[in-house]
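Visitor: Handing you this structure, nothing more for now.
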Amino acid sequence: MTAVAEPAVSDRTAALAEALRTAIGTERVLTDRTQVRTYECDGLANFKVTPAIVVLAESRQHVVDTVRLCSEAGVPFVARGSGTGLSGGALPSADGVLLVMSRLRSLGPVDADNRQVTVEPGVINLWVTRDAAPFDLAYAPDPSSQLVCSIGGNVAENAGGAHCLKYGFTVNHVLGAEVVLPDGEVVHLGGRAPEHPGYDLLGAFIGSEGTLGVATELTLRLIRVPEAVQTMLVGYHSVEDAAGTVSDIIAAGILPAAVEMMDALAIEAAEAAVSCGYPEGAVAVLVIELDGPQVEVEAQFRQVEEIARRRNAFETRIAADDAERGLMWKGRKSAFAAVGRISPSYFVQDGVIPRTKLPEVLAEMKRMADEKGLRVANVFHAGDGNLHPLVLFDDAVEGQAHEAEELAGDILELCVTSGGSITGEHGVGSEKRMKMAKQFTPADLDTMQLVRCAFDPDGIANPGKVFPTPRLCGERPGVRKGEHPVQAAGLGEVF
Amino acid sequence: MTEITPGSHGQGDAPPPGSPGASPNVGPVRDSVADLPSGAPTGAQRAADEAPAAVVGARRPLDIGQDIDLPAGTGAATVGTPTLLGLPGTRQAVQPAFDEHHPPDPALIGDCVHCGFCLPTCPTYVLWGEEMDSPRGRIYLMKEALEGEPLDDSMVRHFDQCLGCMACVTACPSGVQYDKLIEATRPQIERRYERSRAEKLYRDLIYNLFPYPRRLRALRGPLRAYQASRLGSLLTRSGLIRRLPAPLQAMESLAPKLGPVESVPERTPAVGQRRAVVGLLAGCVQGTFFPDVNAATVRVLAAEGCDVIAPRRQGCCGALPGHGGREEQALDFAKRTIETFERAGVDYVVVNAAGCGSNIKEYGHQLRDEPEWAERAEALARRSRDISEFIVEIGPVAERHPLPMTVAYQDACHLAHAQGIREEPRKLLRGIPGIELKPLVEAELCCGSAGTYNMLQPEPARELGERKAAAVLATGADLMVTANPGCWMQVATTLARMGERMPVAHTVQVLDASIRGVPVEQLLDRALNGPGTALTRPTPAQR
Amino acid sequence: MSAPAVTRRPGGTDDAVGGVVPREVVRPGTVEEVADVLRAAAADGRTVVPVGGRSKLTWAAPPESCDLLLDVTGLDRIVEHVAGDLTVVAEAGVRLGDLQAQLGEAGQLLGLDPPEDGATLGGLVSANASGPRRLRYGTTRDLLIGITVVLADGTLARAGGKVVKNVAGYDLGKLYTGAHGTLGVVVSTTWRLHPVPPARRVVTLDLPDVAAAGPLSIALARSTLTPSAVELSGTAGGPGRLVVLFESIAESVTDQARSAVALLGGGEESDDLPEDFGRRPGGADDVLLRLAHAPAALAAVLAALPAGTPVSAHAATGVAYAAVPAAEAAGALPRLRAAIAEHDGTAVVLRAPDAVRDALDHWGPVGDSLELMRRVKERFDPERRMSPGRFVGGL
Ligand SMILES: Cc1cc2nc3c(=O)[nH]c(=O)nc-3n(C[C@H](O)[C@H](O)[C@H](O)COP(=O)(O)OP(=O)(O)OC[C@H]3O[C@@H](n4cnc5c(N)ncnc54)[C@H](O)[C@@H]3O)c2cc1C
Ligand code: SF4
Ligand code: SF4
């Protein structure tokens, strides 16, 4: 780069900050170092970048003005919701703007007959269900972080939850979005009707991790609260039996609302944290929930009990009331944070495998961990094969962190070679973008980039996320030939 | 010290701006903040290429106020701190934020996994939606400070804006002790941060007034008092005057109804068989503005079979100055309170003001450095109980007469969050025949009173007050019940300002009315028309 | 590049797509061959229209040009059905009926039931076709978990995967759903499956006025009943019939059917579906419209149709079909579109007799995202060779 080719990044952002202050008001534009540093990271706190500017948007117009000014200045911007993402999706750009959406939190009236509600992106997930409850309606996607994560963040990550086994993910429950494109243009994708002529750009936008624009309003589908819900906690002496129970339930044609599994280490942690009273001596537990019409739930519940018994369950507890149900879930939902109580440090991983591969993948994971002398706790959405292995380590032990990191990476690759995915709900973000190449070919990634280039030709929306190598939109991807890695591994569809 | 991962950029090697490759941020910056003890979502070093997962916890000792090299490219790109520009990787030594006298404990900070579960219960986050004014953000500011960021105006402002309501402590799944953290931070600020002269004077006024019952009582015409003083004119000129009227109006609106202060007897015998000897903490604000609450407490305790000792010449327990970071003053008060109750020879110390109760329970921690006090402090803390906690613990025996009415019970933060007492008062209220409890929306949210907060931060306090008042009104209940004088004043004055009226009473006053068989109309009338005083005169029956 | 298995022949009038006769019809047998064909077409700039079972060839606007009709029915392998995972991988030319038959042996199904005979998976995806059970299972958008496509330049690309839960990368499957071949050729699809419900119970209610289905379907949707379908048929302004289908275990369907009769205030219970269940309204001489709208607006949408129009509706979902007589269509369509706009309603032409086809605006207004769609099209098919002109805004 020659000496005077470009203005220094700092000059550029300083000028942008001034322009932003004029456009949307001084008090909404932060550049004070102490303040902007609190936005350095999201829920994945080991990735940190101090943003140059933080904008606290309060209206769609603020978002439009901010994005347009960024576009004119060629400065990247990153949207941020509640900052609970676990893949560094909201990691700021050092020379860019962090666009905070938390103040956009108005919640429209619930349209009970259409079973819909329109909300701003900063609205917290749980608020939707809270507002829908008087109409016997609920917002189905229920990530464990639902009491804090934002709808905008959910849409960007296509968040899932324990109950998405039956009800699907965020993408199945968002009907429409108002989106500010990276050039400041406002478009409406989808709407209140289930279908619209044209490409399903809404479908492409959901799960795009903030790389295609900023959502400023979302229309959500609400579901009818089921007539009956029953929850049971089942204890096993072996992981295989627990996994076998899950398979048998599916094979019996039953679709539970949720099937969650925890292994011995995870149980130990949860017990230490919240005294959830899980069966003593259990090597694995399942939390199984069925919902629907009363008669159906009752009948299927008996069937599930029978299946569990055949699979050597040594204890089956049925929640008698909401309090007991709450306690069963509390153990599960706290397990994540609780693992800190049995290990000084840990990595949280998120990978997916075909459900049928559960026993062999768990065994392989154990073998890999033993080889490194490390422990792995498992908490996962067993119903859909979404694993959350927690790799435990002690940083005080020389080199263990590195070993743990390697193991966590190897586990992801194991997921891919088992026919699964590197992420089931936490997203690719900053953290796993290099792993994308394990799951997709350059041609696959180039094709995804075509979408990116249509939305964001200058690449200023959340750059450096999702894709391993950002491509200039001017470049034409070459025609590629050769084997797909999945094919090469002998797993894929070979035509 | 911080290392910088190769691949994280200063401005020098950033790709041309505007190109899709312009993402100098993607290399995770090895950050000093990451190096905190266990529990934090902090990181072992990694290359961008093979970052597998969220790291939680990486242990490493931390030197306070070490002069840390900031990650290049972060400082360099930060607008608004011109001294840093163009100096990636270097930085002048600034005075560290904290000194070595009990700074916030890095191990406690390390417990925070940055999950954000505390955000929606934090009143300032609810109001402003900003990270810096959330528990997670404030903990992060403490981390920044420990790393050597200066204790500058904005950092102090965000700590000052914390209500100390401890809703975040209740919400945190990781068990982060934010109470300990903020209590360690405040004295650092008072010691090391230079407030403006007017601000200092204003704070002096508050902390020289409110913790002293006699001075408070003397302050009959508060507006007159401060208007006449030199302080008054200084405050006017400095603009701080705008902050004053609200709290003083609050006092005004309450003061005329104070009437003759009914002093509680030093010793009240148990009715019937004695089950315990308890001491009553009279409290400063409580004792002055709501003396009937003390009288009611004594009657209820006696009715439940306790000898009640209310030592004369009690002072503030130290809660008010403690929450304001005035450590010395607070410890002084604590020691006097310990002595007082040691002399009184009681089994328990019963407290009816939530803020005082949570403070006394912390005595052991507060005096941990003073060998001659530490154990005594701990002993008193162990014997201290909130009144509702105490009665549930010994089991109520006195007969309850019906009070047919609906009640909105407002959780006082220092009861619900700081002491974890939520069920007990509800249980006692439900134990009174005829009472129906109406749930409040946003029950966990602070009303904005928070000790001296409504005087120091009147704007957010007013907004929170209105939110709470609206929530209370929305219940349509006959009576609002709370267990803290601050909450009471806050909601009552907010309602008055909104042109609304609603009877307000302390839990123990309702119990007292029920035990004594006071008709519900009378209870409601006095709760409406005579905050703090209406029930102080003994009823004819008692005479 | 040689592609021996590819069969080629000149196009005839039978092969016409919306009245446009292709110059040549190509039928590759493998995914690689599809890529070869497209690469060759790219080299000499020929336009390509992919087709499957031709069950919906009349859907969408006619192409501007069609040098090559790319018949994917040669890609007819069901590659992998993992019953335990409730997933299946199948090539684009597999017929839905054949797939369902094979899945049925394992007690499973793909939750799509459009009534058109002979539909292939690729065609279903490209036309985003659905049927009555969308109320229960959703549509392609909800069931397609992985996709393989060949782009205009012959690039083979995949997105999604074989697991139900997967958020790695953009979901290209969504983009190809309903794209009518304008972004490339769908060659393989991966689906999430469901178990075949063991029992069925049907409640049939005759309505003097179809519009009564509006409030009834709202009541059903807001109840705790879990019907698989609530299917309306009839004529606008005239009588109609509502069929409520319950599929679950025997205890449940009996119980629910009984409750449904109570809730609807009447209805006949039976075990069998009417023979015309889910059939699109009207005949070959009519213009068939697909209407989509906010679900509770069903009655208003029915009221906006010319009286006497044969209609059907997947009630409670917000999708309806109307068969407008060909002669009236050009006039009725703009009025209808204007009338249902306030319910976020749209009307697209699925099928039109040759005589009126070119006079119709097939897609209607698209809204403010059309420009963005154009940019997507330009990225995927910069030379406009894939089904040019078939889609919204002439894409
Ligand atoms: C304890 C814990 C448990 C969790 N459990 C789950 C779980 O069960 N299931 C699950 O799916 N996730 C879970 N998560 C991850 C996280 O909560 C979700 O990814 C959530 O959707 C993120 O929402 P957020 O508001 O915090 O978004 P952020 O973290 O702020 O942002 C996430 C991404 O969204 C983008 N974004 C934010 N707002 C917008 C907008 N308006 N427009 C465009 N892009 C935007 C950002 O740029 C970023 O890429 C968990 C996290 C934690 C800490
Ligand atoms: S809830 Fe606890 S761990 Fe989570 S961010 Fe708040 S303080 Fe930190
Ligand atoms: S104490 Fe209250 S105001 Fe302070 S950070 Fe915690 S929740 Fe927020």
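Residue numbering restarts at 1 for every chain of the structure tokens, chains are lettered A, B, ... in their displayed order, and ligands are numbered from 1 as they appear.
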If the cut-off is 6 Å, can you tell me the residues of chain A near chain C, counting only C-alpha atoms? I'd like them as number ranges by chain.

Guide: A: 113-114, 187, 192-193, 195, 198-200, 203-204, 208, 226-227, 253, 295-296, 354-356, 420, 423-425, 427, 443-444, 450, 454, 479-480

Visitor: Residues within 6 Å of ligand 2 (only C-alpha atoms and all ligand atoms), as a list in words?

Guide: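 Taking only C-alpha atoms and all ligand atoms into account, the residues around ligand 2 at most 6 Å away are Cys112, Val113, His114, Cys115, Gly116, Phe117, Cys118, Pro135, Arg136, Ala171, Cys172, Pro173, Ser174 and Val176 of chain B.
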
Visitor: Record the distance separating atom CA of B:Ile435 and atom CA of B:Met480, expressed in Å with one decimal.

Guide: 11.9 Å

Visitor: Neighbours of ligand 3 within 8 Å, counting only C-alpha atoms and all ligand atoms, as a list in words?

Guide: Cys118, Leu119, Thr121, Cys122, Pro123, Thr124, Tyr125, Asp133, Ser134, Pro135, Arg136, Arg138, Phe159, Gln161, Cys162, Leu163, Gly164, Cys165, Met166, Ala167, Cys168, Val169, Tyr178, Asp179, Ile182 and Cys446 of chain B

Visitor: If you count only C-alpha atoms, which residues fall within 12 Å of stretch 382-384 of chain B, apart from same-chain ones fewer than 3 positions away, as a PyMOL selection string?

Guide: chain B and resi 277-281+337-338+341-342+345-352+354+356-365+375-379+387-390+419

Visitor: Once you have the residues from the selection above, write them out as a compact mmCIF listing (two decimals), in the first residue's frame, restricted to N, CA, C and O atoms.

Guide:
```txt
# COMPACT_ATOMS: atom_id res chain seq x y z
N VAL B 277 -35.80 -14.40 72.72
CA VAL B 277 -35.53 -13.01 73.04
C VAL B 277 -34.91 -12.38 71.80
O VAL B 277 -33.88 -12.85 71.31
N VAL B 278 -35.59 -11.39 71.28
CA VAL B 278 -35.08 -10.82 70.03
C VAL B 278 -34.81 -9.34 70.19
O VAL B 278 -35.48 -8.63 70.95
N GLY B 279 -33.80 -8.89 69.45
CA GLY B 279 -33.50 -7.47 69.41
C GLY B 279 -34.12 -6.88 68.16
O GLY B 279 -34.21 -7.54 67.13
N LEU B 280 -34.55 -5.64 68.25
CA LEU B 280 -35.12 -4.97 67.08
C LEU B 280 -34.16 -3.91 66.59
O LEU B 280 -33.73 -3.03 67.34
N LEU B 281 -33.81 -4.01 65.33
CA LEU B 281 -33.02 -2.95 64.73
C LEU B 281 -34.00 -1.86 64.31
O LEU B 281 -34.86 -2.10 63.47
N THR B 337 -23.28 -0.99 65.82
CA THR B 337 -24.46 -1.85 65.85
C THR B 337 -24.13 -3.19 66.49
O THR B 337 -24.91 -3.72 67.31
N ILE B 338 -22.96 -3.71 66.17
CA ILE B 338 -22.55 -4.99 66.77
C ILE B 338 -22.48 -4.86 68.29
O ILE B 338 -23.05 -5.67 69.02
N PHE B 341 -25.92 -4.65 70.02
CA PHE B 341 -26.70 -5.88 70.17
C PHE B 341 -25.98 -6.94 70.98
O PHE B 341 -26.61 -7.81 71.58
N GLU B 342 -24.66 -6.85 71.02
CA GLU B 342 -23.96 -7.77 71.92
C GLU B 342 -24.37 -7.47 73.36
O GLU B 342 -24.63 -8.36 74.16
N GLY B 345 -27.86 -8.75 74.60
CA GLY B 345 -28.02 -10.16 74.96
C GLY B 345 -29.27 -10.80 74.36
O GLY B 345 -30.13 -11.27 75.09
N VAL B 346 -29.36 -10.77 73.06
CA VAL B 346 -30.55 -11.32 72.41
C VAL B 346 -30.20 -12.57 71.62
O VAL B 346 -29.05 -12.78 71.25
N ASP B 347 -31.24 -13.42 71.38
CA ASP B 347 -31.02 -14.62 70.58
C ASP B 347 -30.91 -14.25 69.09
O ASP B 347 -30.14 -14.84 68.35
N TYR B 348 -31.76 -13.33 68.70
CA TYR B 348 -31.81 -12.93 67.29
C TYR B 348 -31.88 -11.41 67.18
O TYR B 348 -32.34 -10.76 68.11
N VAL B 349 -31.43 -10.92 66.07
CA VAL B 349 -31.69 -9.52 65.75
C VAL B 349 -32.68 -9.51 64.60
O VAL B 349 -32.42 -10.10 63.54
N VAL B 350 -33.80 -8.89 64.84
CA VAL B 350 -34.82 -8.88 63.80
C VAL B 350 -34.84 -7.52 63.12
O VAL B 350 -34.76 -6.48 63.78
N VAL B 351 -34.90 -7.56 61.81
CA VAL B 351 -34.82 -6.34 61.01
C VAL B 351 -36.09 -6.24 60.17
O VAL B 351 -36.53 -7.24 59.60
N ASN B 352 -36.65 -5.04 60.10
CA ASN B 352 -37.85 -4.90 59.27
C ASN B 352 -37.63 -4.03 58.05
O ASN B 352 -38.55 -3.75 57.30
N ALA B 354 -35.56 -4.00 54.59
CA ALA B 354 -34.84 -4.97 53.78
C ALA B 354 -33.39 -4.56 53.55
O ALA B 354 -32.48 -5.38 53.64
N CYS B 356 -31.43 -2.78 55.42
CA CYS B 356 -30.63 -2.96 56.63
C CYS B 356 -30.36 -4.44 56.86
O CYS B 356 -29.26 -4.84 57.22
N GLY B 357 -31.37 -5.26 56.63
CA GLY B 357 -31.21 -6.69 56.85
C GLY B 357 -30.11 -7.27 55.99
O GLY B 357 -29.25 -8.02 56.46
N SER B 358 -30.12 -6.91 54.72
CA SER B 358 -29.10 -7.49 53.84
C SER B 358 -27.73 -6.96 54.23
O SER B 358 -26.73 -7.67 54.12
N ASN B 359 -27.67 -5.76 54.75
CA ASN B 359 -26.39 -5.21 55.16
C ASN B 359 -25.83 -5.93 56.38
O ASN B 359 -24.68 -6.34 56.41
N ILE B 360 -26.67 -6.12 57.37
CA ILE B 360 -26.20 -6.78 58.59
C ILE B 360 -25.72 -8.19 58.29
O ILE B 360 -24.73 -8.66 58.86
N LYS B 361 -26.42 -8.84 57.39
CA LYS B 361 -26.00 -10.21 57.05
C LYS B 361 -24.62 -10.23 56.37
O LYS B 361 -24.03 -11.29 56.24
N GLU B 362 -24.17 -9.09 55.92
CA GLU B 362 -22.86 -9.00 55.27
C GLU B 362 -21.76 -8.53 56.22
O GLU B 362 -20.63 -8.34 55.80
N TYR B 363 -22.09 -8.30 57.47
CA TYR B 363 -21.09 -7.75 58.40
C TYR B 363 -19.79 -8.56 58.41
O TYR B 363 -18.70 -8.02 58.46
N GLY B 364 -19.93 -9.86 58.43
CA GLY B 364 -18.75 -10.72 58.52
C GLY B 364 -17.78 -10.43 57.38
O GLY B 364 -16.57 -10.30 57.59
N HIS B 365 -18.33 -10.31 56.19
CA HIS B 365 -17.50 -10.03 55.03
C HIS B 365 -16.91 -8.63 55.12
O HIS B 365 -15.73 -8.42 54.87
N GLU B 375 -14.95 -11.94 63.88
CA GLU B 375 -15.77 -13.02 64.41
C GLU B 375 -17.07 -12.51 65.01
O GLU B 375 -18.13 -13.10 64.82
N ARG B 376 -16.95 -11.38 65.69
CA ARG B 376 -18.16 -10.81 66.30
C ARG B 376 -19.14 -10.41 65.20
O ARG B 376 -20.36 -10.58 65.35
N ALA B 377 -18.59 -9.88 64.13
CA ALA B 377 -19.45 -9.45 63.02
C ALA B 377 -20.17 -10.65 62.43
O ALA B 377 -21.38 -10.61 62.18
N GLU B 378 -19.43 -11.71 62.22
CA GLU B 378 -20.00 -12.93 61.65
C GLU B 378 -21.09 -13.47 62.58
O GLU B 378 -22.15 -13.90 62.13
N ALA B 379 -20.80 -13.41 63.87
CA ALA B 379 -21.76 -13.95 64.84
C ALA B 379 -23.07 -13.18 64.78
O ALA B 379 -24.16 -13.76 64.78
N ILE B 387 -37.86 -9.83 59.46
CA ILE B 387 -39.03 -10.14 60.28
C ILE B 387 -39.88 -11.27 59.69
O ILE B 387 -40.32 -12.16 60.41
N SER B 388 -40.06 -11.25 58.37
CA SER B 388 -40.91 -12.30 57.79
C SER B 388 -40.20 -13.65 57.85
O SER B 388 -40.81 -14.69 58.14
N GLU B 389 -38.93 -13.61 57.59
CA GLU B 389 -38.12 -14.83 57.67
C GLU B 389 -38.19 -15.40 59.09
O GLU B 389 -38.37 -16.61 59.29
N PHE B 390 -38.10 -14.50 60.06
CA PHE B 390 -38.07 -14.93 61.45
C PHE B 390 -39.39 -15.58 61.86
O PHE B 390 -39.42 -16.65 62.47
N GLN B 419 -31.39 -11.07 49.89
CA GLN B 419 -31.53 -12.08 50.95
C GLN B 419 -32.27 -13.32 50.48
O GLN B 419 -32.45 -14.25 51.26
```

Visitor: Using only C-alpha atoms, find each residue in chain A having at least one atom no more than 6 Å away from chain B; report its shortest atom-to-atom pair and that distance in Å (one decimal), rows by chain then rising number, as a Markdown table.

Guide:
```
| residue | atom | partner | partner_atom | distance |
| --- | --- | --- | --- | --- |
| A:Ser10 | CA | B:Ala77 | CA | 5.0 |
| A:Ala14 | CA | B:Val79 | CA | 5.6 |
| A:Thr31 | CA | B:Val79 | CA | 5.4 |
| A:Asp32 | CA | B:Gly80 | CA | 5.6 |
| A:Thr38 | CA | B:Gly137 | CA | 5.5 |
| A:Gly43 | CA | B:Cys115 | CA | 5.3 |
| A:Leu44 | CA | B:Ala54 | CA | 5.4 |
| A:Ala45 | CA | B:Pro41 | CA | 5.2 |
| A:Asn46 | CA | B:Gly43 | CA | 4.5 |
| A:Phe47 | CA | B:Pro28 | CA | 4.9 |
| A:Lys48 | CA | B:Val29 | CA | 5.6 |
| A:Thr50 | CA | B:Thr74 | CA | 5.0 |
| A:Ala52 | CA | B:Thr78 | CA | 4.5 |
| A:Gly74 | CA | B:Gly18 | CA | 4.3 |
| A:Thr84 | CA | B:Cys115 | CA | 5.6 |
| A:Ser93 | CA | B:Asn25 | CA | 4.9 |
| A:Ala94 | CA | B:Asn25 | CA | 5.4 |
| A:Asp95 | CA | B:Ala77 | CA | 5.7 |
| A:Ser102 | CA | B:Gly129 | CA | 5.5 |
| A:Arg103 | CA | B:Gly129 | CA | 5.4 |
| A:Val148 | CA | B:Phe117 | CA | 5.7 |
| A:Ala337 | CA | B:Ser174 | CA | 5.8 |
| A:Gly340 | CA | B:Gly39 | CA | 5.6 |
| A:Pro344 | CA | B:Ser38 | CA | 5.0 |
| A:Ser345 | CA | B:Gly57 | CA | 4.2 |
| A:Tyr346 | CA | B:Val56 | CA | 4.8 |
| A:Phe347 | CA | B:Val55 | CA | 4.3 |
| A:Val348 | CA | B:Ala54 | CA | 5.0 |
| A:Gln349 | CA | B:Ala53 | CA | 5.3 |
| A:Asp395 | CA | B:Ala58 | CA | 5.2 |
| A:Ala408 | CA | B:Pro52 | CA | 5.7 |
| A:Gly409 | CA | B:Pro52 | CA | 4.9 |
| A:Glu431 | CA | B:Ala51 | CA | 5.4 |
| A:Met434 | CA | B:Asp49 | CA | 5.2 |
| A:Asp458 | CA | B:Pro20 | CA | 5.6 |
| A:Gly459 | CA | B:Pro20 | CA | 4.0 |
| A:Pro463 | CA | B:Ser23 | CA | 5.6 |
| A:Gly464 | CA | B:Ser23 | CA | 5.4 |
| A:Pro470 | CA | B:Gly21 | CA | 5.6 |
| A:Leu472 | CA | B:Pro20 | CA | 5.8 |
```

Visitor: Please identify all polymer residues within 7 Å of C:Leu350, counting only C-alpha atoms, omitting same-chain residues fewer than 5 positions from it, and present them as an NGL selection string.

Guide: :C and (58-60 or 288-290)

Visitor: So how many Å separate atom CA of A:Ile124 and atom CA of A:Ser150, to one decimal?

Guide: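 Between atom CA of A:Ile124 and atom CA of A:Ser150 the gap works out to 4.3 Å.
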
Visitor: Taking only C-alpha atoms into account, which of A:Arg325, A:His237, A:Arg302, A:Arg28 comes nearest A:Leu98?

Guide: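 Under the stated criterion, the closest residue is A:Arg28.
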
Visitor: When you draw a straight line from atom CA of A:Thr231 to atom CA of A:Asn386, how long is it in Å?

Guide: 20.1 Å
